[in-house]
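Everything below concerns the one structure shown next.
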Amino acid sequence: MTPQHSDILVIGAGPAGLHAAFYAAWRGLSVRVLEARAEAGGQLGALYPDKRVYDVPGLPGARAAEVIQHLLRQLDGLDTEVRVNTVARSLKRAGSGWRVGTDQGSFTAGAVILAAGLGALLPRAARVPGVDSHPDVRTDLPDPAGLGGRRVLIVGGVPQAARAALDLLEAGATVTLTHSRALFRGDPASLARLETARAAGQLEVLAPARLLGLTPHGAQLEVNSERRTAGADTVLILGGYLPDLSPVQAWPLDWRGEYVPDGPGGCTALDGVWAVGDVAQSGGEFKLISLAFAQAAVAANHAAHHVQPELRVRPGHSSEKR
């Protein structure tokens, strides 16, 4: 299979990766972003989308999920693509550029920007009695359109659980939502919609409840000290995400634990490969979004010059461009 090519390949669709993608694409280059999760957002989207973030320039007190929405909106009209469910694994030379291997095929580019953060945020494994007995157990957000008309049991109190319940209802699924505690996490608007749907009988909420185990046809729960059976064609066990750097730590970048040593502009030991954000050693313990934005902008402009030397490193002011 012929590798898919872009001028620049960004690894990670968190704030650093998305801002790097913007700057490189704004310079007129084609950019592809590889994201391990089912959606863009990095730590902001996976770990605390409902929390407010106060240090993003120009967006004081915005919820983390809103920050990601703004970063994605900034890519509108630019030559960018965000590939989700794509874990970057191998890195090899390909002519004057690089080839990155993934479970979804290979991608080549003239330059690579590593914005892997704490690592690929992969869903926690479902450790539930009887998990192997049910034919369709999932641990990450599904495509709602593919589950229309099915009975779906959602287990978990993370923000993704509430959002999945609403999206699946809209897609025509029959939804039961359960959690070990009575409260669910999520933004106020989503939680209000969830309560409205519950009150209208559009979905069933069983919380607090204890998941006893799965069966071939659903699950056994304990609700108010009574055993309940919940029928389900699909079970979503959403227990959050754990970071995993191992897919990229085999890259010959002279790793220092969880960090990649980086020089001026984010350059690494490999010509044509840059490191930005939490994975870059230059940031040290300053794991700040504002710092990641600055690193991403500088690295993206160096990468643009590397790919097309006629482009100066300095991009000029955005107010001077159309």
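We label chains A, B, ... in the order they appear in the structure tokens, count residues from 1 in each chain, and number ligands from 1 in the order shown.
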
Exercise. Mind checking DSSP for range 231-283 of chain A and telling me the strand (DSSP E) residues as a ChimeraX atom specification?
Worked result: /A:231,234-237,241-244,273-275

Export of the given selection (C-alpha atoms) as an mmCIF file, in the first residue's frame:
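The resulting part-v9.cif:
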data_model
loop_
_atom_site.group_PDB
_atom_site.id
_atom_site.type_symbol
_atom_site.label_atom_id
_atom_site.label_comp_id
_atom_site.auth_asym_id
_atom_site.auth_seq_id
_atom_site.Cartn_x
_atom_site.Cartn_y
_atom_site.Cartn_z
ATOM 1 C CA GLY A 231 -30.405 -6.202 28.455
ATOM 2 C CA THR A 234 -23.607 -3.359 23.098
ATOM 3 C CA VAL A 235 -21.874 -2.517 26.372
ATOM 4 C CA LEU A 236 -19.691 0.595 26.664
ATOM 5 C CA ILE A 237 -17.424 0.467 29.699
ATOM 6 C CA TYR A 241 -7.759 6.768 29.802
ATOM 7 C CA LEU A 242 -4.159 5.973 30.669
ATOM 8 C CA PRO A 243 -1.144 7.577 28.921
ATOM 9 C CA ASP A 244 1.252 5.261 27.095
ATOM 10 C CA VAL A 273 11.900 15.907 13.609
ATOM 11 C CA TRP A 274 10.752 18.388 16.272
ATOM 12 C CA ALA A 275 9.353 17.907 19.791
#

Tell me, as a tab-separated table (two decimals) with N, CA, C and O atoms, in the first residue's frame, which residues lie within 10 Å of Gln202 in chain A, counting only C-alpha atoms; anything in the same chain fewer than 5 positions away does not count.
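So the final result, stored in around.tsv, reads:
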chain	number	residue	atom	x	y	z
A	169	LEU	N	-28.71	8.38	21.96
A	169	LEU	CA	-30.15	8.63	21.92
A	169	LEU	C	-30.54	9.30	20.61
A	169	LEU	O	-31.52	8.93	19.95
A	174	THR	N	-31.44	2.57	22.09
A	174	THR	CA	-32.10	2.49	23.39
A	174	THR	C	-31.00	2.43	24.45
A	174	THR	O	-30.20	1.50	24.46
A	175	VAL	N	-30.97	3.44	25.32
A	175	VAL	CA	-29.80	3.64	26.18
A	175	VAL	C	-30.15	3.44	27.65
A	175	VAL	O	-31.15	3.95	28.15
A	176	THR	N	-29.27	2.68	28.32
A	176	THR	CA	-29.27	2.59	29.78
A	176	THR	C	-27.91	3.07	30.27
A	176	THR	O	-26.88	2.62	29.78
A	194	LEU	N	-29.31	15.49	29.84
A	194	LEU	CA	-29.40	14.11	30.31
A	194	LEU	C	-30.56	13.96	31.29
A	194	LEU	O	-31.34	13.00	31.21
A	195	GLU	N	-30.70	14.90	32.21
A	195	GLU	CA	-31.78	14.84	33.18
A	195	GLU	C	-33.14	15.00	32.51
A	195	GLU	O	-34.12	14.33	32.87
A	196	THR	N	-33.21	15.88	31.51
A	196	THR	CA	-34.46	16.06	30.78
A	196	THR	C	-34.86	14.77	30.06
A	196	THR	O	-36.02	14.37	30.08
A	197	ALA	N	-33.89	14.11	29.44
A	197	ALA	CA	-34.17	12.85	28.74
A	197	ALA	C	-34.60	11.77	29.72
A	197	ALA	O	-35.51	10.98	29.45

For this session: Give the alpha helix (DSSP H) residues of range 51-295 of chain A, as DSSP finds them on the backbone, and put them as a PyMOL selection string.
Result: chain A and resi 64-73+159-170+188-199+289-295

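For the residues A:Arg198, A:Pro129, A:Leu211, A:Phe107, ranking by smallest atom-to-atom distance to Leu153 in chain A using only C-alpha atoms places A:Leu211 first.
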
Problem set entry | Contacts of Ala250 in chain A at 10 Å (only C-alpha atoms; same-chain gap of 5+ positions) as JSON, numbers by chain | {"A": [89, 90, 91, 245, 255]}

For this session: For Thr80 in chain A, please output as a ChimeraX atom specification all residues within 10 Å (counting only C-alpha atoms; exclusion window: fewer than 3 positions along the same chain).
Result: /A:6,8-9,18,21-22,24-26,29-33,75-77,83

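Distances here use only C-alpha atoms; by that measure, the residue among A:Ala182, A:Val276, A:Ala109, A:Val307 closest to Phe293 in chain A is A:Val276.
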
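For the set A:Arg124, A:Arg150, A:His217, A:Arg312, the residue with the smallest atom-to-atom gap to Arg138 in chain A is A:Arg124, counting only C-alpha atoms.
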
Exercise. Which neighbours of Gly14 in chain A fall inside 9 Å, counting only C-alpha atoms, when residues of the same chain fewer than 3 positions from it are skipped, and could you give them as an MDAnalysis selection string?
Worked result: chainID A and resid 17:19 35 40:45 68 115:117

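The neighbours of Gly265 in chain A here are the residues that come within 8 Å of it, using only C-alpha atoms and leaving out any residue fewer than 2 positions away in the same chain; they are Asp262, Gly263, Cys267, Trp274, Gln295, Val298, Ala299 and His302 of chain A.
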
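With only C-alpha atoms as the atoms that count, the residue of A:Gln249, A:Ser319, A:Val56, A:Gln308 with the shortest distance to Gly28 in chain A is A:Gln308.
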
Seminar exercise, completed: Shortest contact to Leu47 in chain A, candidates A:Ala165, A:Leu183, A:Val10, A:Leu122, atoms counted only C-alpha atoms, goes to A:Leu122

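Restricting the calculation to only C-alpha atoms, the smallest distance between Leu191 in chain A and any of A:His317, A:His5, A:His305, A:Arg163 is found for A:Arg163.
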
For this session: For Gly172 in chain A, list every protein, DNA or RNA residue within 12 Å, evaluated using only C-alpha atoms, and leave out those in the same chain fewer than 3 positions away; present the list as a list in words.
Result: Pro144, Ala145, Gly146, Leu147, Gly148, Gly149, Arg150, Arg151, Val152, Ala165, Leu166, Asp167, Leu168, Leu169, Val175, Gln202 and Leu203 of chain A

Exercise. What gap, in Å, lies between CA of Ala232 in chain A and CA of Ala199 in chain A?
Worked result: 21.2 Å
